[in-house]
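Heads up, the thing below is written out as structure tokens.
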Amino acid sequence: MLDLTPEEWTAVRLSLRVAFWAMAASLPFGVLIAVILARCEFWGKSILNGIVHLPLILPPVVTGYVLLLLFGRRGPLGAWLAENFGIVFAFRWTGAALACAVMGFPLMVRAIRLSVESVDRRIEEAAGTLGANRFWIFITITLPLILPGLIAGAILSFAKAMGEFGATITFVSNIPGETQTLPSAIYTYTQVPGGDLGALRLTLISVAISMAALLLSEWLSRQAASLFGRA
Amino acid sequence: MSVEVDIAHRLGSFEVAASFRSAGRLTALFGRSGAGKTTIVNAIAGLIRPDRGRISVDGEIFVDTAAGIFVPRQKRRIGYVFQEGRLFPHLTVRQNLAYGRWFAGRHAGPDTSAEVIELLGISHLLKRRPGALSGGEKSRVAIGRALLATPRLLLMDEPLASLDEGRKAEILPYVERLRDELKVPIVYVSHSVAEVARLATTIVVISNGRVEAVGPASQMLARPGMFPLAGRHEAGGILSARVKAHDALDELTTLKSPAGDIVVPRMDAAVGSELRIHIRARDIILASDPPTGISALNILPALVVEIGEASGPIVDVALDLGGERLLARVTRRSLRNLGIAPGRRVHAVLKSIAIGRRNIGHVADDTR
């Protein structure tokens with residue numbers, strides 16, 4: 001029963017690719033925003049915080065539609081990116097990755113922000129007295145110390161991307177081989193007669209991937225935590 | 001080496017307005033907790049930007065608010081040993097020690113890590129992480145980390161405060177060796193008279209954010225009325241001495257000092273080695289005539305120099321013993337009964353067992 005059809009394999013591979021890039025591309029931004037929210041005081045901080053968290057509370061369809069308006073072929077950002085950098089999101093797998101990244105962003109930022117807030121700034125001061133400037137303090141002290149939160153945030157983002165459906169299908173539709181991720185494929189199966197078995201197969205795959213991601217995150221966190229414990 | 005500080009800085013309702021200059025090998029900033037000592041060293045290190053004032057080390061200006069100069073902390077090359085150690089938890093001891101050298105660049109000089117590791121006795125800890133170190137080990141690694149950044153000045157902010165007496169006794173000799181062997185100028189923050197008496201060459205007394213007095217350690221410690229600031233029963237004076245002989249049978253050591261020979265409990269120091277002894281004022285008894293039939297082994301002729309202000313029944317008497325200044329703490333009644341007054345010759349009686357290991361340190365040539 002676990003013999004997947006080539007189309008199903010395509011959906012699995014596409015999902016993994018979309019989730020990986022959604023996570024990888026949003027990670028630097030996630031760290032940046034988390035550090036800003038954790039450490040800086042400025043006017044409009046709560047507005048920035050609100051914007052980051054919006055996808056968590058809005059209906060995914062709304063997020064997908066806003067992405068379509070902004071990043072669609074005629075959207076202001078979409079047109080600009082296509083013209084200047086040749087980056088197209090509309091109805092491409094890259095658009096699916098963008099939708100997943102946006103949906104997973106609040107989870108990622110929350111996890112990283114917590115770990116940034118728990119870093120003892122006096123340790124960074126100590127690094128300063130030893131000659132390190134802000135950049136090197138960040139690379140050699142802050143980044144290693146927030147590693148557990150970074151891993152947790154990345155895995156959360158990845159897991160969210162594996163499960164994202166509403167925003168993706170609204171933004172980039174459900175094109176097999178291009179934007180049809182696992183959830184979209186399952187949804188398609190449930191819409192056609194006799195699709196139950198296919199839906200079940202993909203559901204099992206979905207569960208297995210999510211479980212593996214969780215176990216991996218546990219293991220990585222333990223590795224990172226042992227850095228700080230007794231060596 | 002010289003440190004010049006003249007700053008004003010407000011922290012909430014507390015204001016620090018401190019001005020002093022020191023060329024001492026180990027300058028102790030001495031005063032109660034909350035007196036503003038840490039604020040001053042933080043300003044020297046560049047961790048805070050004072051509201052007004054100037055700071056210079058060896059003639060190089062770090063802060064001059066009038067001229068708009070503020071050198072960032074990473075460019076000052078000032079080693080800072082923090083009270084809580086502040087070791088990097090994710091790095092091994094070896095990596096912690098190497099951290100500063102990596103950034104020292106052209107100032108790095110010859111690699112002295114082997115020497116420093118040896119001096120601090122931390123060679124067996126190199127592969128561990130700070131989480132697996134004891135309090136005393138952490139202190140020593142923190143000292144090593146600051147030293148290996150080849151600082152022009154070492155700041156130590158109560159490096160022993162979080163340690164118990166045993167651990168303190170373990171670290172103090174290392175600090176003496178930094179001062180005497182590596183010749184790193186040190187600014188040492190402490191509220192402990194015993195530590196200051198043992199280590200300092202120059203003392204800056206800080207009280208309520210202000211500098212109360214500055215001077216060479218031996219003079220400062222023997223000033224009557226100096227220590228209501230800092231726990232009265234630690235007040236006293238410093239005597240420099242040299243080991244003259246050991247008596248194995250009675251387990252005693254005889255020291256030769258300008259004040260005369262002093263017998264103390266047997267100590268581990270070679271004959272001829274130079275020491276400084278911190279003698280607490282409350283451990284000295286005054287006698288108008290040489291006492292006989294007394295168990296105390298040390299009876300030293302002394303000249304009364306000055307009588308301090310009485311505080312309750314107690315009064316401090318400043319003594320001159322062969323050129324060295326010591327304090328004796330007696331009651332006002334004894335003062336009256338014995339007729340003690342400046343210029344009078346008396347005898348200072350000192351029990352041998354009043355002098356323990358924590359009162360004796362190795363010598364630093366005082367920059368008087």
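Residue numbering restarts at 1 in every chain; chains get A, B, ... in the order shown in the structure tokens, and ligands count up from 1 in that same order.
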Practice item. Residues of chain B near chain A: apply a cut-off of 9 Å, count only C-alpha atoms, and supply the list as a count of residues only. Key: 38
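The residue that comes closest to A:Ser173, out of A:Leu114, A:Ile155, A:Val61, A:Leu214 and on the basis of only C-alpha atoms, is A:Val61.
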Exercise for review: For A:Thr170, work out the shell of residues within 8 Å, counting only C-alpha atoms and skipping chain neighbours fewer than 2 positions away, then give it as JSON, numbers by chain.
Suggested key: {"A": [61, 64, 65, 68, 166, 167, 168, 172, 173]}
Point to revise | Within 7 Å of A:Val18 using only C-alpha atoms, minus same-chain residues under 2 positions, as a PyMOL selection string | key: chain A and resi 14-16+20-22+93+96-97
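Counting only C-alpha atoms, B:Gly121 has the following residues at most 12 Å away, ignoring those fewer than 5 positions along the same chain: Ser113, Ala114, Glu115, Val116, Leu126, Gly136, Glu137, Lys138, Ser139, Arg140, Val141, Ile143, Gly144, Glu170, Ile171, Pro173, Tyr174 and Arg177 of chain B.
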Output C-alpha atoms for every residue in that selection, as a short mmCIF file (atom, residue, chain, number, x, y, z; two decimals), in the first residue's frame.
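As written to disk, selection.cif reads:
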data_model
loop_
_atom_site.label_atom_id
_atom_site.label_comp_id
_atom_site.auth_asym_id
_atom_site.auth_seq_id
_atom_site.Cartn_x
_atom_site.Cartn_y
_atom_site.Cartn_z
CA SER B 113 49.93 31.34 27.68
CA ALA B 114 52.14 28.49 28.88
CA GLU B 115 53.63 30.75 31.53
CA VAL B 116 50.27 32.13 32.67
CA LEU B 126 42.12 23.25 29.77
CA GLY B 136 38.15 29.02 42.76
CA GLU B 137 39.01 27.43 39.41
CA LYS B 138 36.64 29.80 37.61
CA SER B 139 38.32 32.78 39.28
CA ARG B 140 41.75 31.63 38.17
CA VAL B 141 40.59 31.01 34.60
CA ILE B 143 42.24 36.01 35.67
CA GLY B 144 44.12 34.05 33.00
CA GLU B 170 44.03 29.74 47.41
CA ILE B 171 43.73 32.73 45.01
CA PRO B 173 49.05 34.13 46.28
CA TYR B 174 48.30 34.12 42.54
CA ARG B 177 52.46 36.73 41.75
#
Surrounding residues of A:Gly195 excluding itself and chain neighbours under 6 positions, 9 Å, only C-alpha atoms, as a PDB file with C-alpha atoms, in the first residue's frame:
ATOM      1  CA  ILE A 186      -4.052  15.109  -0.005  1.00  0.00           C
ATOM      2  CA  THR A 188      -6.927  16.877  -4.190  1.00  0.00           C
ATOM      3  CA  TYR A 189      -7.293  13.149  -3.402  1.00  0.00           C
TER       4      TYR A 189
END
Exercise for review: Apply DSSP to the backbone of this structure and, from stretch 3-228 of chain A, keep only the residues in helix (DSSP H, G or I); write these as a PyMOL selection string.
Suggested key: chain A and resi 6-39+45-57+60-71+76-85+93-117+121-129+134-145+147-163+166-172+182-191+196-228
**Study point:** For B:Ala296: contacts at 7 Å, only C-alpha atoms, fewer than 5 positions along chain excluded, given as a PyMOL selection string
**Key:** chain B and resi 349-352
Same residues, C-alpha atoms, output as a PDB file, in the first residue's frame:
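Okay, this is what ended up in again-v3.pdb:
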ATOM      1  CA  VAL B 349      52.283  43.580  73.123  1.00  0.00           C
ATOM      2  CA  LEU B 350      51.273  41.194  70.370  1.00  0.00           C
ATOM      3  CA  LYS B 351      50.176  37.582  70.706  1.00  0.00           C
ATOM      4  CA  SER B 352      51.895  35.332  68.190  1.00  0.00           C
TER       5      SER B 352
END
Review point. What gap, in Å, lies between atom CA of A:Glu7 and atom CA of A:Gly198?
Key: 10.6 Å
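Nearest residue to B:Glu274 among B:Leu239, B:Val315, B:Leu297, B:Leu286 is B:Leu239, counting only C-alpha atoms.
Rounded to one decimal, atom CA of A:Leu143 and atom CA of B:Thr39 lie 28.8 Å from each other.
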Exercise for review: Go through stretch 39-250 of chain B and collect every residue that DSSP, computed from the backbone, puts in strand (DSSP E or B); the answer should be as a PyMOL selection string.
Suggested key: chain B and resi 52-57+60-64+69-70+78-81+153-157+186-190+202-207+210-216+236-247
Now that the selection is made, can you save its residues with N, CA and C atoms as a short mmCIF file (atom, residue, chain, number, x, y, z; two decimals), in the first residue's frame?
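Saved as again-v6.cif:
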data_model
loop_
_atom_site.label_atom_id
_atom_site.label_comp_id
_atom_site.auth_asym_id
_atom_site.auth_seq_id
_atom_site.Cartn_x
_atom_site.Cartn_y
_atom_site.Cartn_z
N ARG B 52 30.45 63.15 32.83
CA ARG B 52 31.47 64.19 32.65
C ARG B 52 32.81 63.65 33.11
N GLY B 53 33.88 64.17 32.54
CA GLY B 53 35.18 63.88 33.13
C GLY B 53 36.21 63.33 32.17
N ARG B 54 37.31 62.89 32.75
CA ARG B 54 38.46 62.40 32.00
C ARG B 54 38.97 61.11 32.62
N ILE B 55 39.42 60.20 31.77
CA ILE B 55 40.10 59.00 32.26
C ILE B 55 41.29 58.77 31.35
N SER B 56 42.46 58.59 31.96
CA SER B 56 43.60 58.23 31.12
C SER B 56 44.43 57.17 31.82
N VAL B 57 45.03 56.32 31.01
CA VAL B 57 45.91 55.27 31.52
C VAL B 57 47.22 55.42 30.78
N GLU B 60 47.49 57.82 27.91
CA GLU B 60 46.56 57.70 26.79
C GLU B 60 45.15 57.99 27.27
N ILE B 61 44.52 58.96 26.60
CA ILE B 61 43.20 59.39 27.07
C ILE B 61 42.12 58.44 26.54
N PHE B 62 41.33 57.88 27.45
CA PHE B 62 40.24 56.99 27.07
C PHE B 62 38.92 57.75 27.02
N VAL B 63 38.78 58.66 27.97
CA VAL B 63 37.55 59.44 28.03
C VAL B 63 37.93 60.89 28.30
N ASP B 64 37.37 61.79 27.52
CA ASP B 64 37.45 63.21 27.83
C ASP B 64 36.18 63.82 27.29
N ILE B 69 35.98 62.79 23.52
CA ILE B 69 36.72 61.55 23.29
C ILE B 69 36.09 60.41 24.09
N PHE B 70 35.82 59.31 23.42
CA PHE B 70 35.40 58.11 24.12
C PHE B 70 35.91 56.90 23.34
N ILE B 78 42.21 46.79 28.20
CA ILE B 78 42.18 46.73 29.65
C ILE B 78 41.57 45.40 30.04
N GLY B 79 42.33 44.61 30.75
CA GLY B 79 41.82 43.31 31.19
C GLY B 79 40.87 43.51 32.35
N TYR B 80 39.76 42.79 32.33
CA TYR B 80 38.77 42.97 33.39
C TYR B 80 38.45 41.60 33.97
N VAL B 81 38.73 41.43 35.25
CA VAL B 81 38.34 40.19 35.93
C VAL B 81 37.07 40.50 36.71
N LEU B 153 46.53 47.25 31.59
CA LEU B 153 46.08 47.43 32.97
C LEU B 153 45.07 46.33 33.27
N LEU B 154 45.14 45.79 34.46
CA LEU B 154 44.21 44.73 34.83
C LEU B 154 43.26 45.25 35.91
N LEU B 155 41.96 45.16 35.63
CA LEU B 155 40.97 45.55 36.63
C LEU B 155 40.44 44.30 37.29
N MET B 156 40.39 44.29 38.61
CA MET B 156 39.83 43.12 39.30
C MET B 156 38.75 43.61 40.24
N ASP B 157 37.51 43.25 39.92
CA ASP B 157 36.38 43.72 40.72
C ASP B 157 35.98 42.65 41.72
N ILE B 186 47.70 46.74 38.36
CA ILE B 186 46.38 46.22 38.72
C ILE B 186 45.58 47.27 39.47
N VAL B 187 44.31 47.39 39.13
CA VAL B 187 43.38 48.15 39.96
C VAL B 187 42.43 47.13 40.57
N TYR B 188 42.43 47.07 41.89
CA TYR B 188 41.77 45.97 42.59
C TYR B 188 40.67 46.53 43.47
N VAL B 189 39.44 46.11 43.22
CA VAL B 189 38.30 46.59 44.00
C VAL B 189 38.04 45.64 45.15
N SER B 190 37.91 46.17 46.35
CA SER B 190 37.64 45.27 47.47
C SER B 190 37.02 46.02 48.64
N THR B 202 48.97 50.96 46.76
CA THR B 202 48.32 52.26 46.90
C THR B 202 46.86 52.01 47.23
N ILE B 203 46.30 52.80 48.11
CA ILE B 203 44.90 52.62 48.47
C ILE B 203 44.11 53.88 48.15
N VAL B 204 42.98 53.69 47.48
CA VAL B 204 42.04 54.78 47.24
C VAL B 204 40.78 54.43 48.03
N VAL B 205 40.46 55.26 49.00
CA VAL B 205 39.28 54.96 49.82
C VAL B 205 38.07 55.65 49.21
N ILE B 206 37.04 54.86 48.89
CA ILE B 206 35.84 55.39 48.26
C ILE B 206 34.68 55.30 49.25
N SER B 207 33.95 56.40 49.34
CA SER B 207 32.80 56.38 50.22
C SER B 207 31.71 57.26 49.61
N ARG B 210 32.45 59.11 46.44
CA ARG B 210 33.52 60.10 46.45
C ARG B 210 34.83 59.48 46.92
N VAL B 211 35.93 60.09 46.51
CA VAL B 211 37.23 59.62 46.99
C VAL B 211 37.52 60.27 48.33
N GLU B 212 37.67 59.44 49.35
CA GLU B 212 37.88 59.94 50.70
C GLU B 212 39.36 60.23 50.95
N ALA B 213 40.22 59.35 50.43
CA ALA B 213 41.66 59.52 50.66
C ALA B 213 42.42 58.66 49.67
N VAL B 214 43.63 59.07 49.34
CA VAL B 214 44.51 58.30 48.47
C VAL B 214 45.90 58.31 49.07
N GLY B 215 46.61 57.18 49.02
CA GLY B 215 47.98 57.19 49.52
C GLY B 215 48.59 55.81 49.51
N PRO B 216 49.88 55.71 49.83
CA PRO B 216 50.54 54.41 49.91
C PRO B 216 49.88 53.55 50.99
N GLY B 236 44.05 48.30 61.08
CA GLY B 236 45.35 47.95 61.65
C GLY B 236 46.46 48.59 60.86
N GLY B 237 47.55 47.90 60.72
CA GLY B 237 48.66 48.45 59.96
C GLY B 237 49.44 47.34 59.29
N ILE B 238 50.41 47.75 58.49
CA ILE B 238 51.23 46.76 57.79
C ILE B 238 52.67 46.90 58.23
N LEU B 239 53.30 45.78 58.47
CA LEU B 239 54.69 45.75 58.86
C LEU B 239 55.43 44.96 57.80
N SER B 240 56.51 45.51 57.29
CA SER B 240 57.29 44.68 56.37
C SER B 240 58.34 43.93 57.17
N ALA B 241 58.59 42.70 56.80
CA ALA B 241 59.45 41.85 57.61
C ALA B 241 60.18 40.86 56.70
N ARG B 242 61.16 40.16 57.32
CA ARG B 242 61.95 39.18 56.57
C ARG B 242 62.05 37.95 57.46
N VAL B 243 61.97 36.79 56.86
CA VAL B 243 62.04 35.57 57.67
C VAL B 243 63.46 35.41 58.20
N LYS B 244 63.58 35.29 59.54
CA LYS B 244 64.91 35.23 60.15
C LYS B 244 65.28 33.79 60.47
N ALA B 245 64.34 33.06 61.08
CA ALA B 245 64.64 31.68 61.46
C ALA B 245 63.36 30.91 61.71
N HIS B 246 63.45 29.58 61.56
CA HIS B 246 62.34 28.72 61.90
C HIS B 246 62.71 27.92 63.15
N ASP B 247 61.75 27.68 63.99
CA ASP B 247 61.97 26.83 65.16
C ASP B 247 61.09 25.60 64.99
#
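If you look at atom CA of B:Val193 and atom CA of B:Ile48, they are 27.2 Å away from each other.
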